[in-house]
$ cat work37.tsv   # TSV, C-alpha atoms (C1' of nucleotides)
chain	number	residue	atom	x	y	z
A	1	MET	CA	-25.68	20.30	7.81
A	2	SER	CA	-22.43	18.72	6.67
A	3	TYR	CA	-19.03	18.45	8.34
A	4	SER	CA	-15.42	18.33	7.21
A	5	ILE	CA	-13.09	15.55	8.29
A	6	GLY	CA	-11.44	17.95	10.74
A	7	GLN	CA	-14.73	18.85	12.37
A	8	VAL	CA	-15.66	15.20	12.74
A	9	ALA	CA	-12.22	14.39	14.09
A	10	ASP	CA	-12.64	17.08	16.74
A	11	LYS	CA	-16.09	15.87	17.72
A	12	LEU	CA	-14.95	12.27	18.09
A	13	SER	CA	-11.58	13.18	19.61
A	14	ILE	CA	-9.68	11.15	17.05
A	15	SER	CA	-7.23	12.37	14.42
A	16	PRO	CA	-8.11	13.01	10.76
A	17	TYR	CA	-5.36	10.48	9.97
A	18	THR	CA	-7.29	7.84	11.79
A	19	LEU	CA	-10.54	8.73	10.05
A	20	ARG	CA	-8.82	8.45	6.65
A	21	TYR	CA	-7.34	5.15	7.73
A	22	TYR	CA	-10.80	3.90	8.66
A	23	ASP	CA	-12.08	5.07	5.29
A	24	LYS	CA	-9.26	3.21	3.54
A	25	GLU	CA	-10.21	0.10	5.49
A	26	GLY	CA	-13.77	0.37	4.28
A	27	LEU	CA	-15.40	1.65	7.46
A	28	LEU	CA	-16.79	4.84	5.91
A	29	PRO	CA	-18.40	3.95	2.58
A	30	PHE	CA	-21.38	6.17	3.47
A	31	VAL	CA	-19.39	9.40	3.48
A	32	ASP	CA	-20.08	11.77	0.57
A	33	ARG	CA	-17.51	13.88	-1.28
A	34	ASN	CA	-17.87	17.42	-2.65
A	35	GLN	CA	-16.87	18.50	-6.16
A	36	ALA	CA	-13.25	18.82	-5.03
A	37	GLY	CA	-13.18	15.28	-3.67
A	38	ARG	CA	-13.28	16.31	-0.03
A	39	ARG	CA	-15.23	14.24	2.48
A	40	ARG	CA	-18.51	15.73	3.65
A	41	PHE	CA	-20.07	13.98	6.64
A	42	LYS	CA	-23.85	14.20	7.06
A	43	ASP	CA	-25.76	14.29	10.34
A	44	ASN	CA	-26.97	10.75	9.79
A	45	ASP	CA	-23.38	9.57	9.37
A	46	PHE	CA	-22.88	10.07	13.09
A	47	ASN	CA	-25.13	7.08	13.68
A	48	PHE	CA	-22.55	4.96	11.87
A	49	LEU	CA	-19.63	6.71	13.53
A	50	GLU	CA	-21.19	6.06	16.92
A	51	VAL	CA	-21.36	2.36	16.12
A	52	ILE	CA	-17.78	2.31	14.86
A	53	VAL	CA	-16.51	4.03	17.99
A	54	CYS	CA	-18.53	1.67	20.16
A	55	LEU	CA	-17.23	-1.45	18.45
A	56	LYS	CA	-13.68	-0.11	18.65
A	57	GLU	CA	-14.06	0.43	22.37
A	58	ALA	CA	-15.49	-3.06	22.67
A	59	GLY	CA	-12.25	-4.34	21.18
A	60	VAL	CA	-13.61	-5.44	17.80
A	61	PRO	CA	-10.86	-5.41	15.13
A	62	VAL	CA	-11.16	-2.82	12.38
A	63	LYS	CA	-11.64	-5.47	9.69
A	64	GLN	CA	-14.64	-6.96	11.46
A	65	ILE	CA	-16.15	-3.53	11.93
A	66	GLY	CA	-15.75	-3.18	8.17
A	67	ASN	CA	-17.72	-6.40	7.69
A	68	PHE	CA	-20.50	-5.02	9.84
A	69	ILE	CA	-20.63	-1.76	7.91
A	70	ASP	CA	-20.80	-3.78	4.71
A	71	LEU	CA	-23.85	-5.55	6.09
A	72	CYS	CA	-25.39	-2.20	6.94
A	73	MET	CA	-24.92	-0.95	3.39
A	74	THR	CA	-26.45	-4.06	1.87
A	75	GLY	CA	-29.92	-3.52	3.31
A	76	ASP	CA	-32.70	-5.42	5.02
A	77	THR	CA	-31.53	-8.86	3.90
A	78	THR	CA	-28.69	-8.61	6.41
A	79	LEU	CA	-30.72	-7.61	9.46
A	80	GLU	CA	-30.32	-11.00	11.09
A	81	ASP	CA	-26.58	-11.09	10.45
A	82	ARG	CA	-26.24	-7.68	12.00
A	83	TYR	CA	-28.25	-8.75	15.01
A	84	ASP	CA	-26.11	-11.87	15.42
A	85	PHE	CA	-22.94	-9.79	15.12
A	86	LEU	CA	-24.00	-7.45	17.91
A	87	ASN	CA	-25.22	-10.36	20.00
A	88	GLU	CA	-21.85	-12.08	19.70
A	89	HIS	CA	-19.93	-8.99	20.66
A	90	GLU	CA	-22.26	-8.27	23.55
A	91	ALA	CA	-21.41	-11.72	24.92
A	92	LYS	CA	-17.69	-11.17	24.38
A	93	LEU	CA	-17.82	-7.84	26.11
A	94	GLU	CA	-19.70	-9.30	29.05
A	95	ALA	CA	-17.04	-11.99	29.36
A	96	LYS	CA	-14.30	-9.41	29.18
A	97	MET	CA	-15.91	-7.31	31.89
A	98	ALA	CA	-16.16	-10.35	34.12
A	99	ARG	CA	-12.43	-10.98	33.63
A	100	LEU	CA	-11.65	-7.36	34.34
A	101	GLN	CA	-13.67	-7.55	37.52
A	102	HIS	CA	-11.45	-10.43	38.68
A	103	THR	CA	-8.42	-8.41	37.72
A	104	LEU	CA	-9.71	-5.50	39.74
A	105	ASP	CA	-10.35	-7.75	42.73
A	106	PHE	CA	-6.79	-8.99	42.51
A	107	LEU	CA	-5.40	-5.47	42.22
A	108	ARG	CA	-7.31	-4.51	45.35
A	109	TRP	CA	-5.97	-7.42	47.33
A	110	LYS	CA	-2.43	-6.53	46.30
A	111	LYS	CA	-3.06	-2.94	47.27
A	112	TRP	CA	-4.10	-4.11	50.72
A	113	TYR	CA	-0.98	-6.30	50.82
A	114	TYR	CA	1.19	-3.22	50.23
A	115	LYS	CA	-0.85	-1.00	52.51
A	116	THR	CA	-0.27	-3.36	55.41
A	117	ALA	CA	3.40	-3.82	54.48
A	118	LEU	CA	3.80	-0.06	54.28
A	119	GLN	CA	2.21	0.40	57.68
A	120	ALA	CA	4.54	-2.23	59.12
A	121	GLY	CA	7.52	-0.66	57.36
A	122	THR	CA	8.49	-3.95	55.72
A	123	GLU	CA	7.14	-6.60	53.39
A	124	ARG	CA	8.63	-9.25	55.70
A	125	ILE	CA	5.44	-9.30	57.75
A	126	HIS	CA	3.87	-11.23	54.87
A	127	TYR	CA	6.63	-13.82	54.56
A	128	LEU	CA	6.75	-17.25	56.09
A	129	PRO	CA	9.09	-17.02	59.10
A	130	GLY	CA	12.73	-17.32	58.08
A	131	THR	CA	12.01	-17.23	54.32
A	132	ASN	CA	11.43	-14.76	51.51
A	133	GLN	CA	8.25	-16.50	50.49
A	134	VAL	CA	4.83	-15.00	50.84
A	135	ASP	CA	2.65	-16.74	53.40
A	136	PRO	CA	-0.47	-18.02	51.62
A	137	ALA	CA	-2.40	-17.29	54.80
A	138	VAL	CA	-2.06	-13.58	54.05
A	139	HIS	CA	-4.33	-13.79	51.04
A	140	ALA	CA	-6.72	-15.89	53.09
A	141	GLU	CA	-6.74	-13.19	55.74
A	142	PHE	CA	-7.74	-10.60	53.16
A	143	ASN	CA	-10.47	-12.87	51.80
A	144	GLN	CA	-11.75	-13.29	55.34
A	145	LEU	CA	-12.04	-9.54	55.78
A	146	VAL	CA	-14.07	-9.37	52.56
A	147	ALA	CA	-16.22	-12.32	53.61
A	148	ASP	CA	-16.85	-10.52	56.89
A	149	GLY	CA	-18.38	-7.67	54.94
A	150	ALA	CA	-15.53	-5.25	54.31
A	151	ASP	CA	-15.62	-3.40	50.99
A	152	PRO	CA	-12.62	-4.55	48.92
A	153	LYS	CA	-12.60	-1.14	47.27
A	154	ASP	CA	-11.81	0.48	50.63
A	155	LEU	CA	-9.64	-2.13	52.32
A	156	GLY	CA	-6.50	-1.17	50.41
A	157	ASN	CA	-6.86	2.57	50.95
A	158	LEU	CA	-4.35	4.27	53.18
A	159	PRO	CA	-5.95	6.14	56.09
A	160	GLU	CA	-6.29	9.93	55.76
A	161	GLY	CA	-3.29	12.00	56.75
A	162	THR	CA	-0.70	9.47	55.68
A	163	ALA	CA	2.31	11.62	54.90
A	164	LYS	CA	3.62	11.47	51.34
A	165	ALA	CA	7.32	11.24	52.36
B	1	MET	CA	9.26	-27.93	43.81
B	2	SER	CA	10.53	-26.28	40.66
B	3	TYR	CA	9.03	-25.97	37.18
B	4	SER	CA	10.32	-25.77	33.62
B	5	ILE	CA	9.31	-22.98	31.27
B	6	GLY	CA	6.99	-25.42	29.49
B	7	GLN	CA	5.20	-26.37	32.67
B	8	VAL	CA	4.73	-22.75	33.64
B	9	ALA	CA	3.54	-21.91	30.14
B	10	ASP	CA	0.91	-24.65	30.41
B	11	LYS	CA	-0.25	-23.49	33.82
B	12	LEU	CA	-0.63	-19.90	32.71
B	13	SER	CA	-1.97	-20.79	29.26
B	14	ILE	CA	0.64	-18.70	27.49
B	15	SER	CA	3.42	-19.83	25.17
B	16	PRO	CA	7.03	-20.42	26.23
B	17	TYR	CA	7.92	-17.84	23.54
B	18	THR	CA	5.95	-15.26	25.41
B	19	LEU	CA	7.57	-16.16	28.73
B	20	ARG	CA	11.03	-15.81	27.19
B	21	TYR	CA	9.98	-12.51	25.70
B	22	TYR	CA	8.86	-11.33	29.13
B	23	ASP	CA	12.17	-12.45	30.55
B	24	LYS	CA	14.03	-10.53	27.85
B	25	GLU	CA	11.97	-7.46	28.75
B	26	GLY	CA	13.02	-7.77	32.38
B	27	LEU	CA	9.80	-9.13	33.83
B	28	LEU	CA	11.31	-12.31	35.24
B	29	PRO	CA	14.57	-11.39	37.04
B	30	PHE	CA	13.56	-13.66	39.92
B	31	VAL	CA	13.72	-16.86	37.89
B	32	ASP	CA	16.63	-19.19	38.70
B	33	ARG	CA	18.65	-21.21	36.18
B	34	ASN	CA	20.02	-24.72	36.55
B	35	GLN	CA	23.61	-25.72	35.67
B	36	ALA	CA	22.65	-26.06	32.01
B	37	GLY	CA	21.24	-22.53	31.93
B	38	ARG	CA	17.60	-23.58	31.84
B	39	ARG	CA	15.00	-21.61	33.71
B	40	ARG	CA	13.69	-23.17	36.90
B	41	PHE	CA	10.60	-21.50	38.36
B	42	LYS	CA	9.99	-21.80	42.10
B	43	ASP	CA	6.61	-21.96	43.85
B	44	ASN	CA	7.05	-18.44	45.15
B	45	ASP	CA	7.62	-17.20	41.58
B	46	PHE	CA	3.95	-17.75	40.90
B	47	ASN	CA	3.20	-14.80	43.15
B	48	PHE	CA	5.09	-12.62	40.70
B	49	LEU	CA	3.60	-14.34	37.68
B	50	GLU	CA	0.13	-13.79	39.08
B	51	VAL	CA	0.85	-10.08	39.35
B	52	ILE	CA	2.30	-9.95	35.84
B	53	VAL	CA	-0.75	-11.70	34.38
B	54	CYS	CA	-3.04	-9.40	36.33
B	55	LEU	CA	-1.32	-6.24	35.16
B	56	LYS	CA	-1.32	-7.52	31.58
B	57	GLU	CA	-5.05	-8.15	31.78
B	58	ALA	CA	-5.49	-4.67	33.24
B	59	GLY	CA	-3.84	-3.33	30.09
B	60	VAL	CA	-0.56	-2.18	31.64
B	61	PRO	CA	2.24	-2.12	29.01
B	62	VAL	CA	5.02	-4.67	29.41
B	63	LYS	CA	7.62	-1.97	30.07
B	64	GLN	CA	5.69	-0.58	33.00
B	65	ILE	CA	5.20	-4.03	34.44
B	66	GLY	CA	8.97	-4.31	34.24
B	67	ASN	CA	9.30	-1.12	36.26
B	68	PHE	CA	7.03	-2.58	38.91
B	69	ILE	CA	9.01	-5.82	39.08
B	70	ASP	CA	12.19	-3.74	39.45
B	71	LEU	CA	10.62	-2.04	42.45
B	72	CYS	CA	9.75	-5.43	43.89
B	73	MET	CA	13.36	-6.61	43.57
B	74	THR	CA	14.72	-3.50	45.24
B	75	GLY	CA	13.15	-4.11	48.63
B	76	ASP	CA	11.25	-2.29	51.34
B	77	THR	CA	12.36	1.18	50.29
B	78	THR	CA	10.00	0.94	47.32
B	79	LEU	CA	6.87	-0.15	49.18
B	80	GLU	CA	5.21	3.21	48.76
B	81	ASP	CA	6.03	3.37	45.06
B	82	ARG	CA	4.56	-0.06	44.58
B	83	TYR	CA	1.43	0.94	46.47
B	84	ASP	CA	1.08	4.07	44.34
B	85	PHE	CA	1.57	2.06	41.18
B	86	LEU	CA	-1.23	-0.34	42.06
B	87	ASN	CA	-3.41	2.50	43.21
B	88	GLU	CA	-2.98	4.28	39.89
B	89	HIS	CA	-3.79	1.20	37.87
B	90	GLU	CA	-6.78	0.41	40.03
B	91	ALA	CA	-8.16	3.84	39.16
B	92	LYS	CA	-7.42	3.37	35.47
B	93	LEU	CA	-9.09	0.00	35.45
B	94	GLU	CA	-12.16	1.39	37.19
B	95	ALA	CA	-12.36	4.12	34.56
B	96	LYS	CA	-11.99	1.59	31.78
B	97	MET	CA	-14.73	-0.58	33.22
B	98	ALA	CA	-17.04	2.41	33.38
B	99	ARG	CA	-16.34	3.11	29.71
B	100	LEU	CA	-16.96	-0.50	28.83
B	101	GLN	CA	-20.24	-0.38	30.68
B	102	HIS	CA	-21.33	2.50	28.46
B	103	THR	CA	-20.17	0.56	25.45
B	104	LEU	CA	-22.22	-2.41	26.59
B	105	ASP	CA	-25.27	-0.22	27.11
B	106	PHE	CA	-24.89	1.09	23.58
B	107	LEU	CA	-24.48	-2.41	22.16
B	108	ARG	CA	-27.70	-3.44	23.88
B	109	TRP	CA	-29.65	-0.55	22.50
B	110	LYS	CA	-28.43	-1.37	18.99
B	111	LYS	CA	-29.37	-4.99	19.53
B	112	TRP	CA	-32.87	-3.87	20.39
B	113	TYR	CA	-32.84	-1.64	17.31
B	114	TYR	CA	-32.10	-4.67	15.13
B	115	LYS	CA	-34.44	-6.95	17.03
B	116	THR	CA	-37.35	-4.63	16.34
B	117	ALA	CA	-36.25	-4.10	12.73
B	118	LEU	CA	-35.97	-7.86	12.27
B	119	GLN	CA	-39.44	-8.37	13.69
B	120	ALA	CA	-40.80	-5.72	11.33
B	121	GLY	CA	-38.87	-7.22	8.41
B	122	THR	CA	-37.25	-3.90	7.59
B	123	GLU	CA	-35.04	-1.24	9.08
B	124	ARG	CA	-37.30	1.41	7.53
B	125	ILE	CA	-39.52	1.38	10.61
B	126	HIS	CA	-36.73	3.31	12.37
B	127	TYR	CA	-36.34	5.95	9.65
B	128	LEU	CA	-37.92	9.37	9.53
B	129	PRO	CA	-40.81	9.13	7.04
B	130	GLY	CA	-39.61	9.51	3.49
B	131	THR	CA	-35.89	9.49	4.36
B	132	ASN	CA	-33.08	7.05	5.03
B	133	GLN	CA	-32.24	8.74	8.28
B	134	VAL	CA	-32.73	7.18	11.66
B	135	ASP	CA	-35.42	8.83	13.73
B	136	PRO	CA	-33.81	10.08	16.97
B	137	ALA	CA	-37.07	9.26	18.73
B	138	VAL	CA	-36.25	5.57	18.36
B	139	HIS	CA	-33.36	5.80	20.78
B	140	ALA	CA	-35.57	7.82	23.11
B	141	GLU	CA	-38.17	5.07	22.95
B	142	PHE	CA	-35.60	2.51	24.04
B	143	ASN	CA	-34.44	4.75	26.87
B	144	GLN	CA	-38.02	5.10	27.98
B	145	LEU	CA	-38.41	1.32	28.18
B	146	VAL	CA	-35.30	1.17	30.36
B	147	ALA	CA	-36.50	4.07	32.50
B	148	ASP	CA	-39.78	2.19	32.95
B	149	GLY	CA	-37.88	-0.63	34.54
B	150	ALA	CA	-37.04	-2.99	31.68
B	151	ASP	CA	-33.70	-4.79	31.90
B	152	PRO	CA	-31.50	-3.54	29.02
B	153	LYS	CA	-29.81	-6.93	29.01
B	154	ASP	CA	-33.09	-8.59	28.04
B	155	LEU	CA	-34.72	-5.97	25.83
B	156	GLY	CA	-32.63	-6.85	22.81
B	157	ASN	CA	-33.13	-10.61	23.06
B	158	LEU	CA	-35.19	-12.30	20.42
B	159	PRO	CA	-38.18	-14.23	21.84
B	160	GLU	CA	-37.79	-18.01	22.14
B	161	GLY	CA	-38.60	-20.06	19.07
B	162	THR	CA	-37.46	-17.46	16.57
B	163	ALA	CA	-36.48	-19.56	13.59
B	164	LYS	CA	-32.85	-19.35	12.50
B	165	ALA	CA	-33.64	-19.07	8.78
C	1	DA	C1'	23.80	-45.27	23.34
C	2	DT	C1'	20.77	-42.80	20.90
C	3	DA	C1'	16.42	-40.79	19.04
C	4	DG	C1'	13.21	-37.39	20.00
C	5	DA	C1'	11.55	-33.70	22.79
C	6	DA	C1'	12.42	-29.58	25.35
C	7	DT	C1'	15.27	-25.96	26.14
C	8	DC	C1'	18.64	-22.13	25.11
C	9	DT	C1'	20.08	-17.41	22.55
C	10	DA	C1'	20.05	-14.03	19.00
C	11	DG	C1'	17.73	-12.07	15.96
C	12	DA	C1'	14.29	-11.93	12.12
C	13	DG	C1'	9.36	-11.64	10.98
C	14	DC	C1'	4.62	-10.57	11.73
C	15	DT	C1'	0.15	-8.04	12.62
C	16	DA	C1'	-2.76	-4.38	14.02
C	17	DA	C1'	-3.62	0.14	14.27
C	18	DC	C1'	-2.26	3.87	13.64
C	19	DT	C1'	0.85	8.06	12.26
C	20	DC	C1'	3.26	10.65	9.32
C	21	DT	C1'	5.53	12.41	4.82
C	22	DA	C1'	5.53	14.08	0.22
C	23	DG	C1'	3.58	16.23	-3.29
C	24	DG	C1'	-0.38	18.24	-4.86
C	25	DT	C1'	-5.36	20.68	-4.78
C	26	DC	C1'	-8.53	24.00	-3.04
C	27	DA	C1'	-10.88	27.81	-0.28
C	28	DA	C1'	-10.65	32.07	2.61
C	29	DG	C1'	-8.64	36.25	4.16
C	30	DC	C1'	-5.45	40.32	3.34
D	1	DG	C1'	-3.23	37.90	-6.60
D	2	DC	C1'	-1.24	35.44	-2.99
D	3	DT	C1'	-0.48	33.19	1.19
D	4	DT	C1'	-2.10	30.11	4.66
D	5	DG	C1'	-4.23	26.25	6.23
D	6	DA	C1'	-7.27	22.29	5.58
D	7	DC	C1'	-7.74	18.75	2.66
D	8	DC	C1'	-6.44	14.94	-0.80
D	9	DT	C1'	-3.75	10.20	-2.08
D	10	DA	C1'	-0.19	6.84	-1.95
D	11	DG	C1'	2.77	4.90	0.49
D	12	DA	C1'	6.45	4.72	4.11
D	13	DG	C1'	7.39	4.45	9.08
D	14	DT	C1'	6.30	3.33	13.88
D	15	DT	C1'	5.16	0.73	18.06
D	16	DA	C1'	3.71	-3.01	20.91
D	17	DG	C1'	3.54	-7.52	21.64
D	18	DC	C1'	4.27	-11.26	20.38
D	19	DT	C1'	5.87	-15.43	17.29
D	20	DC	C1'	8.98	-17.93	14.95
D	21	DT	C1'	13.64	-19.64	12.93
D	22	DA	C1'	18.24	-21.35	13.20
D	23	DG	C1'	21.61	-23.55	15.23
D	24	DA	C1'	23.29	-25.40	19.43
D	25	DT	C1'	22.60	-27.84	23.75
D	26	DT	C1'	20.49	-30.97	27.17
D	27	DC	C1'	17.23	-34.17	29.08
D	28	DT	C1'	14.29	-38.51	28.79
D	29	DA	C1'	12.98	-42.80	27.63
D	30	DT	C1'	13.98	-46.98	25.36
$ encode --input "work37.tsv" --output "structure tokens"
Amino acid sequence: MSYSIGQVADKLSISPYTLRYYDKEGLLPFVDRNQAGRRRFKDNDFNFLEVIVCLKEAGVPVKQIGNFIDLCMTGDTTLEDRYDFLNEHEAKLEAKMARLQHTLDFLRWKKWYYKTALQAGTERIHYLPGTNQVDPAVHAEFNQLVADGADPKDLGNLPEGTAKA
Amino acid sequence: MSYSIGQVADKLSISPYTLRYYDKEGLLPFVDRNQAGRRRFKDNDFNFLEVIVCLKEAGVPVKQIGNFIDLCMTGDTTLEDRYDFLNEHEAKLEAKMARLQHTLDFLRWKKWYYKTALQAGTERIHYLPGTNQVDPAVHAEFNQLVADGADPKDLGNLPEGTAKA
DNA sequence: ATAGAATCTAGAGCTAACTCTAGGTCAAGC
DNA sequence: GCTTGACCTAGAGTTAGCTCTAGATTCTAT
């Protein structure tokens, strides 16, 4: 079986423009052409495409993905380099996910902050008396709820039946 | 206490250029100026900055962060909008983290693929006999190892003492 | 008092990753 | 046979998010 650029684009949910751009950047040296010069993707090419899509999602720049594909085309002498490359990006992705988890935690605390303000009808309940400054104790209060076993994912949710004015 | 743009930049580990750019984009309407027109950040401003940094990390575009800050400056009438905004971006971030988890899983399987190839000295061990195409059973084999209780985070790691030729 | 560092604004410049246009080729259906 | 639509290349255009430059203050430390 072989596939046109349009078919591949549909399967991967990316545009043919993008695929041609990737080709221009050296990401698709494995793709064959027919007599008319049109790209014909083979079944095995999807193994490469899968890797490209994965690395993209992991946030690896196109140029570096190109370097990796180059290694792949070179053969067994580059196996260690390829391993190291994936190892490095695994570590980076783990670090990124840890950061995103902190970000998510923060978002959830702020959601709780607004849930409680909303229920009180005013943000002033979180301010230090007589000021417009947020009372640091409010964040501590939220942390205490979490420490006491509440699920931070639920704490910021509005109770059922809250009217959407 | 008040802080100069340079001090804030240091604290947040971003450049003063970037802070001015954010200001230009409407993200910092709360920042005061001294007689000479220089920005003076207050302690309470860090609550906003924290939110801005968080939303940036969550992947929210600068313009949308600006919209959120506008809501904040408007007062209690926007509490629900602000809650909805955070709620929406919490959901998006959760979805993104799920995608990244799949990406990480894939990266780990490929690491194992190269670990085993490296140990065999050639990638051919993963090809269908007599071809240059990857045997789909190889991925299935990895999945089986995981199903049997192996930690995918460890499976791809090279054993200790592997020489770094 | 003055040199050097930090700040200001306006606006130009940069990079990554597309995204599209123009002008042409090719294959399939009427 | 001819039209329609997918494909081709080269190269221009776009967007986001900075990043820097120039020229003019202003602050800090000797």
$ atom_distance --input "work37.tsv" --atom1 "atom CA of Pro152 of chain B" --atom2 "atom CA of Trp112 of chain B"
8.7 Å
$ atom_distance --input "work37.tsv" --atom1 "atom CA of Met97 of chain B" --atom2 "atom CA of Gly149 of chain A"
23.1 Å
$ residues_around --input "work37.tsv" --residues "DT2 of chain C" --least-positions-apart "4" --cutoff "12 Å" --atoms "all atoms listed in the file" --output "number ranges by chain"
D: 28-30
$ closest_residue --input "work37.tsv" --among "B:Ala36, B:Leu71, B:Leu12, B:Val134" --to "DT25 of chain D" --atoms "only C-alpha atoms (C1' of nucleotides)"
B:Ala36
$ closest_atom_pairs --input "work37.tsv" --of "chain A" --to "chain C" --cutoff "10 Å" --atoms "all atoms listed in the file" --output "CSV"
residue,atom,partner,partner_atom,distance
A:Ser15,CA,C:DT19,C1',9.4
A:Tyr17,CA,C:DT19,C1',7.0
A:Thr18,CA,C:DC18,C1',6.7
A:Tyr21,CA,C:DC18,C1',7.9
A:Tyr22,CA,C:DA17,C1',9.9
A:Ala36,CA,C:DC26,C1',7.3
A:Gly37,CA,C:DT25,C1',9.6
A:Arg38,CA,C:DC26,C1',9.5
A:Pro61,CA,C:DA16,C1',8.2
A:Val62,CA,C:DA17,C1',8.3
A:Lys63,CA,C:DA16,C1',9.9
$ write_last_selection --input "work37.tsv" --atoms "C-alpha atoms" --output "tab-separated table (two decimals), in the frame of the given file"
chain	number	residue	atom	x	y	z
A	15	SER	CA	-7.23	12.37	14.42
A	17	TYR	CA	-5.36	10.48	9.97
A	18	THR	CA	-7.29	7.84	11.79
A	21	TYR	CA	-7.34	5.15	7.73
A	22	TYR	CA	-10.80	3.90	8.66
A	36	ALA	CA	-13.25	18.82	-5.03
A	37	GLY	CA	-13.18	15.28	-3.67
A	38	ARG	CA	-13.28	16.31	-0.03
A	61	PRO	CA	-10.86	-5.41	15.13
A	62	VAL	CA	-11.16	-2.82	12.38
A	63	LYS	CA	-11.64	-5.47	9.69
$ closest_residue --input "work37.tsv" --among "B:Ala58, B:Thr131, B:Met73, B:Leu19" --to "chain D" --atoms "only C-alpha atoms (C1' of nucleotides)"
B:Leu19
$ atom_distance --input "work37.tsv" --atom1 "atom CA of Leu93 of chain B" --atom2 "atom CA of Arg99 of chain A"
11.6 Å
$ residues_around --input "work37.tsv" --residues "Glu50 of chain A" --least-positions-apart "3" --cutoff "12 Å" --atoms "all atoms listed in the file" --output "number ranges by chain"
A: 8, 11-12, 27-28, 43-47, 53-57, 65, 69; B: 103, 106-107, 110
$ interface_residues --input "work37.tsv" --of "chain D" --to "chain A" --cutoff "9 Å" --atoms "only C-alpha atoms (C1' of nucleotides)" --output "short mmCIF file (atom, residue, chain, number, x, y, z; two decimals) with C-alpha atoms (C1' of nucleotides), in the coordinates of the input"
data_model
loop_
_atom_site.label_atom_id
_atom_site.label_comp_id
_atom_site.auth_asym_id
_atom_site.auth_seq_id
_atom_site.Cartn_x
_atom_site.Cartn_y
_atom_site.Cartn_z
"C1'" DA D 6 -7.27 22.29 5.58
"C1'" DC D 7 -7.74 18.75 2.66
"C1'" DC D 8 -6.44 14.94 -0.80
#
$ axis_aligned_box --input "work37.tsv" --around "segment 41-47 of chain A" --padding-each-side "6 Å" --output "lines of an AutoDock Vina configuration file"
center_x = -23.5
center_y = 10.7
center_z = 10.2
size_x = 18.9
size_y = 19.2
size_z = 19.0
$ residues_around --input "work37.tsv" --residues "Phe85 of chain B" --least-positions-apart "4" --cutoff "8 Å" --atoms "all atoms listed in the file" --output "count of residues only"
3
